[in-house]
Each structure stands twice: as structure tokens, then as C-alpha cells.
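Colleague: File my_file-v1.txt below, compact mmCIF, C-alpha atoms:
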```
# COMPACT_ATOMS: atom_id res chain seq x y z
CA ALA Z 1 -15.92 -13.85 -7.60
CA GLN Z 2 -14.37 -11.85 -4.83
CA LYS Z 3 -15.22 -8.27 -4.10
CA VAL Z 4 -14.30 -5.68 -1.50
CA THR Z 5 -16.39 -2.58 -0.98
CA GLN Z 6 -15.24 0.49 0.87
CA ALA Z 7 -18.28 2.70 0.64
CA GLN Z 8 -16.58 5.76 2.16
CA THR Z 9 -14.51 7.47 -0.50
CA GLU Z 10 -13.30 10.32 1.71
CA ILE Z 11 -13.63 11.12 5.39
CA SER Z 12 -12.53 14.22 7.26
CA VAL Z 13 -12.28 14.35 11.03
CA VAL Z 14 -10.87 16.79 13.51
CA GLU Z 15 -7.83 15.65 15.44
CA LYS Z 16 -8.62 13.50 18.51
CA GLU Z 17 -11.93 12.33 17.09
CA ASP Z 18 -12.52 8.62 16.66
CA VAL Z 19 -13.16 7.38 13.13
CA THR Z 20 -14.30 4.06 11.68
CA LEU Z 21 -13.48 2.93 8.16
CA ASP Z 22 -15.92 0.43 6.75
CA CYS Z 23 -15.08 -2.65 4.70
CA VAL Z 24 -17.55 -5.20 3.34
CA TYR Z 25 -16.40 -8.21 1.37
CA GLU Z 26 -17.88 -10.94 -0.80
CA THR Z 27 -16.42 -14.37 -1.32
CA ARG Z 28 -17.62 -17.94 -1.78
CA ASP Z 29 -14.53 -19.39 -0.19
CA THR Z 30 -14.61 -20.72 3.35
CA THR Z 31 -10.91 -20.03 3.89
CA TYR Z 32 -9.84 -16.50 3.22
CA TYR Z 33 -7.79 -13.67 4.64
CA LEU Z 34 -8.53 -10.02 5.18
CA PHE Z 35 -6.00 -7.23 5.25
CA TRP Z 36 -5.77 -3.52 5.90
CA TYR Z 37 -3.07 -1.40 4.31
CA LYS Z 38 -2.24 2.27 4.82
CA GLN Z 39 -0.93 4.45 1.99
CA PRO Z 40 0.50 7.73 3.32
CA PRO Z 41 1.17 10.65 0.97
CA SER Z 42 4.64 9.23 0.27
CA GLY Z 43 2.89 6.48 -1.71
CA GLU Z 44 4.21 3.24 -0.24
CA LEU Z 45 1.55 0.86 1.06
CA VAL Z 46 2.15 -0.23 4.61
CA PHE Z 47 0.72 -3.47 5.95
CA LEU Z 48 -1.40 -3.01 9.10
CA ILE Z 49 -3.15 -6.29 9.86
CA ARG Z 50 -4.07 -9.74 8.55
CA ARG Z 51 -7.05 -11.77 9.73
CA ASN Z 52 -8.03 -15.29 8.68
CA SER Z 53 -11.62 -16.38 8.22
CA PHE Z 54 -11.56 -18.68 11.24
CA ASP Z 55 -10.52 -16.05 13.71
CA GLU Z 56 -13.28 -13.60 14.55
CA GLN Z 57 -11.59 -12.13 17.58
CA ASN Z 58 -11.34 -8.40 17.47
CA GLU Z 59 -7.88 -6.96 17.65
CA ILE Z 60 -6.48 -3.82 19.20
CA SER Z 61 -3.08 -2.34 18.52
CA GLY Z 62 -2.54 0.96 20.25
CA ARG Z 63 -5.02 3.42 18.81
CA TYR Z 64 -6.05 1.00 16.07
CA SER Z 65 -8.73 -1.66 16.41
CA TRP Z 66 -10.40 -4.02 13.99
CA ASN Z 67 -13.86 -5.56 14.16
CA PHE Z 68 -14.32 -8.71 12.06
CA GLN Z 69 -17.89 -10.01 11.73
CA LYS Z 70 -18.50 -12.94 9.40
CA SER Z 71 -22.26 -12.66 9.85
CA THR Z 72 -22.23 -9.30 8.08
CA SER Z 73 -19.09 -9.94 5.96
CA SER Z 74 -17.47 -6.87 7.42
CA PHE Z 75 -13.97 -6.03 8.62
CA ASN Z 76 -14.09 -2.49 9.96
CA PHE Z 77 -11.15 -0.44 11.16
CA THR Z 78 -11.37 2.13 13.94
CA ILE Z 79 -8.80 4.76 14.82
CA THR Z 80 -9.21 6.17 18.30
CA ALA Z 81 -8.09 9.73 19.09
CA SER Z 82 -7.02 10.37 15.51
CA GLN Z 83 -3.83 12.28 14.75
CA VAL Z 84 -2.66 14.24 11.74
CA VAL Z 85 -0.19 11.44 10.95
CA ASP Z 86 -3.15 9.14 10.38
CA SER Z 87 -4.01 11.09 7.24
CA ALA Z 88 -3.67 8.58 4.41
CA VAL Z 89 -5.58 6.36 2.05
CA TYR Z 90 -6.60 3.11 3.69
CA PHE Z 91 -7.23 -0.05 1.71
CA CYS Z 92 -9.08 -3.14 2.76
CA ALA Z 93 -8.16 -6.29 0.84
CA LEU Z 94 -9.30 -9.90 0.55
CA MET Z 95 -7.12 -12.88 -0.28
CA PHE Z 96 -8.18 -16.44 -0.83
CA SER Z 97 -6.03 -19.47 -0.28
CA GLY Z 98 -5.90 -21.46 -3.49
CA ALA Z 99 -3.23 -23.79 -4.83
CA GLY Z 100 -0.30 -21.44 -4.58
CA SER Z 101 -2.37 -18.55 -5.80
CA TYR Z 102 -2.39 -15.76 -3.27
CA GLN Z 103 -3.99 -12.86 -5.00
CA LEU Z 104 -5.27 -9.82 -3.20
CA THR Z 105 -8.47 -8.12 -4.21
CA PHE Z 106 -8.43 -4.54 -3.00
CA GLY Z 107 -11.22 -2.15 -2.22
CA LYS Z 108 -11.05 1.27 -3.82
CA GLY Z 109 -9.73 2.86 -0.68
CA THR Z 110 -10.89 5.46 1.81
CA LYS Z 111 -9.02 8.74 2.01
CA LEU Z 112 -8.84 9.92 5.59
CA SER Z 113 -7.97 13.52 6.35
CA VAL Z 114 -7.32 14.45 9.96
CA ILE Z 115 -7.56 18.19 10.47
CA PRO Z 116 -5.51 19.75 13.26
CA ASP J 1 13.26 -5.19 7.08
CA VAL J 2 11.85 -6.27 3.78
CA LYS J 3 12.86 -3.92 1.04
CA VAL J 4 11.16 -3.65 -2.31
CA THR J 5 12.70 -1.13 -4.66
CA GLN J 6 11.49 0.16 -7.98
CA SER J 7 13.82 1.58 -10.58
CA SER J 8 12.17 4.99 -10.93
CA ARG J 9 9.76 7.12 -8.90
CA TYR J 10 8.71 9.16 -11.91
CA LEU J 11 8.88 8.32 -15.59
CA VAL J 12 7.71 10.17 -18.69
CA LYS J 13 7.50 8.28 -21.99
CA ARG J 14 6.05 8.91 -25.40
CA THR J 15 3.23 6.98 -27.02
CA GLY J 16 4.55 3.91 -28.79
CA GLU J 17 7.74 3.60 -26.77
CA LYS J 18 8.70 0.33 -25.12
CA VAL J 19 8.82 0.84 -21.36
CA PHE J 20 10.51 -1.29 -18.73
CA LEU J 21 9.63 -1.00 -15.06
CA GLU J 22 11.97 -2.86 -12.74
CA CYS J 23 11.32 -4.19 -9.28
CA VAL J 24 13.82 -5.80 -6.91
CA GLN J 25 13.21 -7.38 -3.51
CA ASP J 26 15.86 -8.45 -1.04
CA MET J 27 13.99 -10.94 1.15
CA ASP J 28 14.08 -14.06 -1.01
CA HIS J 29 10.33 -13.92 -1.54
CA GLU J 30 8.87 -16.37 -4.01
CA ASN J 31 5.86 -14.29 -5.03
CA MET J 32 6.07 -10.97 -6.84
CA PHE J 33 3.25 -8.79 -8.14
CA TRP J 34 2.61 -5.79 -10.35
CA TYR J 35 -0.39 -3.54 -9.71
CA ARG J 36 -1.58 -0.30 -11.17
CA GLN J 37 -3.35 2.26 -9.05
CA ASP J 38 -5.78 4.78 -10.50
CA PRO J 39 -7.98 7.31 -8.71
CA GLY J 40 -11.35 5.84 -7.84
CA LEU J 41 -10.33 2.35 -8.97
CA GLY J 42 -8.01 1.26 -6.19
CA LEU J 43 -5.27 -1.25 -6.95
CA ARG J 44 -5.69 -3.71 -9.78
CA LEU J 45 -3.46 -6.71 -10.35
CA ILE J 46 -1.70 -6.80 -13.72
CA TYR J 47 0.52 -9.89 -13.40
CA PHE J 48 2.10 -11.96 -10.71
CA SER J 49 4.84 -14.53 -10.51
CA TYR J 50 5.23 -17.33 -7.98
CA ASP J 51 8.64 -18.52 -9.15
CA VAL J 52 11.44 -17.76 -11.58
CA LYS J 53 10.20 -17.81 -15.18
CA MET J 54 6.62 -18.40 -13.98
CA LYS J 55 3.90 -15.83 -14.49
CA GLU J 56 0.16 -15.59 -14.16
CA LYS J 57 -2.23 -13.00 -15.54
CA GLY J 58 -4.04 -10.80 -13.10
CA ASP J 59 -7.19 -8.82 -13.69
CA ILE J 60 -5.88 -6.39 -16.32
CA PRO J 61 -2.96 -7.95 -18.27
CA GLU J 62 -3.81 -6.46 -21.66
CA GLY J 63 -1.05 -4.27 -23.03
CA TYR J 64 1.52 -5.57 -20.54
CA SER J 65 4.01 -8.40 -20.28
CA VAL J 66 6.39 -9.45 -17.52
CA SER J 67 9.72 -11.12 -17.07
CA ARG J 68 11.21 -12.93 -14.11
CA GLU J 69 14.66 -14.30 -14.89
CA LYS J 70 15.95 -14.06 -11.32
CA LYS J 71 14.11 -14.61 -8.07
CA GLU J 72 14.70 -11.12 -6.76
CA ARG J 73 13.74 -9.23 -9.91
CA PHE J 74 10.38 -8.80 -11.62
CA SER J 75 10.02 -6.58 -14.65
CA LEU J 76 6.87 -5.08 -16.13
CA ILE J 77 7.02 -4.31 -19.83
CA LEU J 78 4.79 -2.02 -21.83
CA GLU J 79 5.45 -3.14 -25.39
CA SER J 80 3.99 0.01 -26.95
CA ALA J 81 3.01 2.58 -24.36
CA SER J 82 -0.33 4.31 -24.72
CA THR J 83 -1.81 7.29 -22.92
CA ASN J 84 -4.31 5.09 -21.07
CA GLN J 85 -1.36 3.42 -19.37
CA THR J 86 -0.56 6.62 -17.52
CA SER J 87 -0.81 5.49 -13.92
CA MET J 88 0.95 4.68 -10.68
CA TYR J 89 2.58 1.24 -10.82
CA LEU J 90 3.22 -0.65 -7.62
CA CYS J 91 5.36 -3.73 -7.20
CA ALA J 92 4.94 -6.11 -4.25
CA SER J 93 6.45 -9.34 -2.97
CA SER J 94 5.47 -12.00 -0.48
CA LEU J 95 6.41 -15.42 0.79
CA ARG J 96 4.71 -18.46 -0.65
CA GLY J 97 3.54 -21.40 1.38
CA THR J 98 0.64 -22.83 3.26
CA ARG J 99 -0.24 -19.51 4.81
CA ALA J 100 -1.29 -16.33 3.12
CA TYR J 101 1.46 -13.87 3.82
CA GLU J 102 1.25 -10.12 3.70
CA GLN J 103 2.56 -8.42 0.61
CA TYR J 104 5.30 -5.84 0.91
CA PHE J 105 5.11 -2.93 -1.48
CA GLY J 106 7.64 -0.75 -3.22
CA PRO J 107 7.33 3.05 -3.36
CA GLY J 108 5.67 3.05 -6.76
CA THR J 109 6.52 4.44 -10.19
CA ARG J 110 4.35 7.22 -11.52
CA LEU J 111 4.35 6.76 -15.28
CA THR J 112 3.12 9.45 -17.63
CA VAL J 113 2.67 8.59 -21.29
CA THR J 114 2.37 11.62 -23.57
```
Would you give me this structure, written as C-alpha cells?
Modeller:
Amino acid sequence: AQKVTQAQTEISVVEKEDVTLDCVYETRDTTYYLFWYKQPPSGELVFLIRRNSFDEQNEISGRYSWNFQKSTSSFNFTITASQVVDSAVYFCALMFSGAGSYQLTFGKGTKLSVIP
Amino acid sequence: DVKVTQSSRYLVKRTGEKVFLECVQDMDHENMFWYRQDPGLGLRLIYFSYDVKMKEKGDIPEGYSVSREKKERFSLILESASTNQTSMYLCASSLRGTRAYEQYFGPGTRLTVT
């Protein structure tokens, strides 16, 4: 069975602070994909990143960076110099590659509040 | 840009009513999904479809059915709405193939059953 755990339910930071959102996953599959989505107050989930299980390179995109470590089954997300617009609920998700079945298992989300 | 639209942002129905939630995508995606989102529970998959007239149960299909008569449209049906189906419903679509593609989400329908 697949499982995604986001232990942090809510985080509050002051603007310009760095913040890391944790994600730990469980799967028995050797081929899988990890995702992060952002859900701003408007409600629509926005795709941020996809990582496959064979690519452990960390990725940086502007103020966002992701640290994928298979040894600890973690895929953490860091926002550098946070801004008020980063306030949202962030979801980590796991997908396995089966015969045409591409289901996402989501974590319960972390609500990030950036205080001006 | 991929666009996934849902028929209503807010909906209020009475217990026992039959409820239809519609979802349309304009990117010729093969896969379509229905999730419900509840506080503290995250997103849970209700049903998905990987082709016209094809459907698969997700994690919580009880009390729901779906219909996919056209590739771009995926409907979620609550045969007899109950108060425990009050929730935010999210539709998503994605490509199908040898790679796992990201899912694109609609804005959601907040359903209240009274």
C-alpha cells in the first residue's frame, strides 16, 4: 500500500524566513513518481514539480527547492525568503506506474501562513 | 494552457436529491479523476476514468457513480445525496502513456447537503 505523510499540519513564518515542508512516503514499488501541488485560497491545485524514483538530483526553481532522498523516503520542499503569496496549502503526492493506472495518493497537506 | 472547468463553484442540495457534478477539460486528456477534499483528510480519490465509457473505483467510491460518454467530459453522480457527502469536489485530468503525467485540476465545487 502507498502512503504519504505530511507531519506538519500548519506552519506560520514571518515574511522573508525560509521554510521547509516535510514529506515522507511509503511504497513497495521500485518505479514511482513524487509530486508537490500548491492550493492557494482560491482553491485550484497548482502543479509545482514531478520527480521520478530514479532521479535523486535536487532541484531548484527560483525560491523553491526540493530535496529527494530515497534512503529516508523523503521529498522535502523548501521555500527561501518566503512571501505572503506563498500562503497556501501544499500537498505532497505519490504516484506509481502500473498498467495504465496512474493514481495519486496525496498527503493530508500542510497549511503555510506567511505573515507580513 | 490546460483548462479544467467544473459546472458550479458552490452547490446546495437537500438530502435524498440526485446530484450531478460536471467536469470538462479541453486538452484531449485520456485520464480524468474525481476527488473529494475534507479538512484533515487531504484529497481522496473517488473514481477515475482512463477512456470513454471506462471507469475505475478509487479509494472511496461508495455512494457515488460516474459517467464518461465523451472524452472531454466526466460526470460525478450522487444518486441520493446525504449530509456526509458535504465536501469540496475536485476534478482533474491528465495524459495517459508510458510516463506519469501531472494532473491538472479544476477550481472545485463546494457541495453542501442539508
Colleague: Point out the residue among J:Asp59, J:Glu17, J:Glu72, J:Glu22 with the least atom-to-atom distance to Tyr47 (chain J), counting only C-alpha atoms.
Modeller: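 Between J:Asp59, J:Glu17, J:Glu72, J:Glu22, the residue approaching Tyr47 (chain J) most closely is J:Asp59.
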Colleague: Excluding same-chain residues fewer than 3 positions from Lys3 (chain Z), what lies within 8 Å of it counting all atoms listed in the file, as a list in words?
Modeller: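 So the residues in contact are Tyr25, Glu26, Thr27, Leu94, Thr105, Phe106 and Gly107 of chain Z.
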Colleague: Between J:Arg44, J:Gly97, J:Val113, J:Pro39, which one has atoms that come closest to Asn84 (chain J), using all atoms listed in the file?
Modeller: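 Checking each candidate against Asn84 (chain J), we get J:Val113 as the closest.
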Colleague: My list of candidates is Z:Lys70, Z:Arg28, Z:Arg63, Z:Arg51. Which is closest to Cys92 (chain Z) when distances are computed with only C-alpha atoms?
Modeller: Z:Arg51
Colleague: Go through chain Z residue by residue and, counting all atoms listed in the file, keep those with an atom at most 7 Å from chain J; for each kept residue give the shortest atom pair and its distance in Å to one decimal, ordered by chain and increasing number, as a Markdown table.
Modeller:
```
| residue | atom | partner | partner_atom | distance |
| --- | --- | --- | --- | --- |
| Z:Gly43 | CA | J:Pro107 | CA | 5.8 |
| Z:Glu44 | CA | J:Pro107 | CA | 4.4 |
| Z:Leu45 | CA | J:Phe105 | CA | 5.8 |
| Z:Ser97 | CA | J:Ala100 | CA | 6.6 |
| Z:Tyr102 | CA | J:Ala100 | CA | 6.5 |
| Z:Phe106 | CA | J:Leu43 | CA | 6.0 |
| Z:Gly107 | CA | J:Gly42 | CA | 6.1 |
| Z:Lys108 | CA | J:Gly42 | CA | 3.9 |
| Z:Gly109 | CA | J:Gly42 | CA | 6.0 |
```
Colleague: Hey, can you check how far CA of Thr80 (chain Z) sits from CA of Asp55 (chain Z)?
Modeller: 22.7 Å
Colleague: One decimal, in Å: what's the spacing between CA of Tyr33 (chain Z) and CA of Tyr35 (chain J)?
Modeller: 19.1 Å
Colleague: Leaving out Val89 (chain Z) and any residue of its chain fewer than 6 positions from it, which residues lie within 7 Å of it when counting all atoms listed in the file, given as a compact mmCIF listing (two decimals) with C-alpha atoms, in the frame of the given file?
Modeller:
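The resulting file, around-v1.txt, is reproduced below:
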```
# COMPACT_ATOMS: atom_id res chain seq x y z
CA LYS Z 38 -2.24 2.27 4.82
CA GLN Z 39 -0.93 4.45 1.99
CA PRO Z 40 0.50 7.73 3.32
CA GLY Z 109 -9.73 2.86 -0.68
CA THR Z 110 -10.89 5.46 1.81
CA LYS Z 111 -9.02 8.74 2.01
CA LEU Z 112 -8.84 9.92 5.59
```
Colleague: Compute the distance from (16.2, -9.6, -5.1) to each atom, counting all atoms listed in the file, keep the residues with any atom at most 12 Å away, and return them as an MDAnalysis selection string; use the coordinates of the file.
Modeller: chainID J and resid 2:6 22:32 52 68:75 92:94
Colleague: Mind checking which residues fall within 12 Å of Ser87 (chain Z), counting all atoms listed in the file, ignoring those fewer than 2 positions away in the same chain, and posting them as a count of residues only?
Modeller: 26
Colleague: Kindly indicate which residue among Z:Leu104, Z:Asp86, Z:Trp66, Z:Glu59 lies nearest to Cys23 (chain Z), using all atoms listed in the file for the distances.
Modeller: Z:Trp66
Colleague: Give me, please, the distance in Å between CA of Ser8 (chain J) and CA of Leu21 (chain J), quoted to one decimal.
Modeller: 7.7 Å
Colleague: Measuring between only C-alpha atoms, which one of Z:Thr78, Z:Thr30, Z:Gln103, Z:Thr20 shows the shortest distance to Tyr64 (chain Z)?
Modeller: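 For Tyr64 (chain Z), the nearest of the candidates is Z:Thr78.
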Colleague: Draw an axis-aligned box tight on the listed atoms of region 36-45 of chain J, then pad every side by 8 Å and write out centre and edge lengths in Å to one decimal as AutoDock Vina command-line options.
Modeller:
```
--center_x -6.5 --center_y 0.3 --center_z -8.7 --size_x 25.8 --size_y 30.0 --size_z 21.0
```
Colleague: Residues near Glu62 (chain J), anyone? I mean within 12 Å using only C-alpha atoms, not counting same-chain ones fewer than 2 positions away, as a list of chain:residue names.
Modeller: J:Leu45, J:Ile46, J:Tyr47, J:Lys57, J:Gly58, J:Asp59, J:Ile60, J:Tyr64, J:Ser65, J:Val66, J:Ile77, J:Leu78, J:Glu79, J:Ser80, J:Ala81, J:Ser82, J:Asn84, J:Gln85
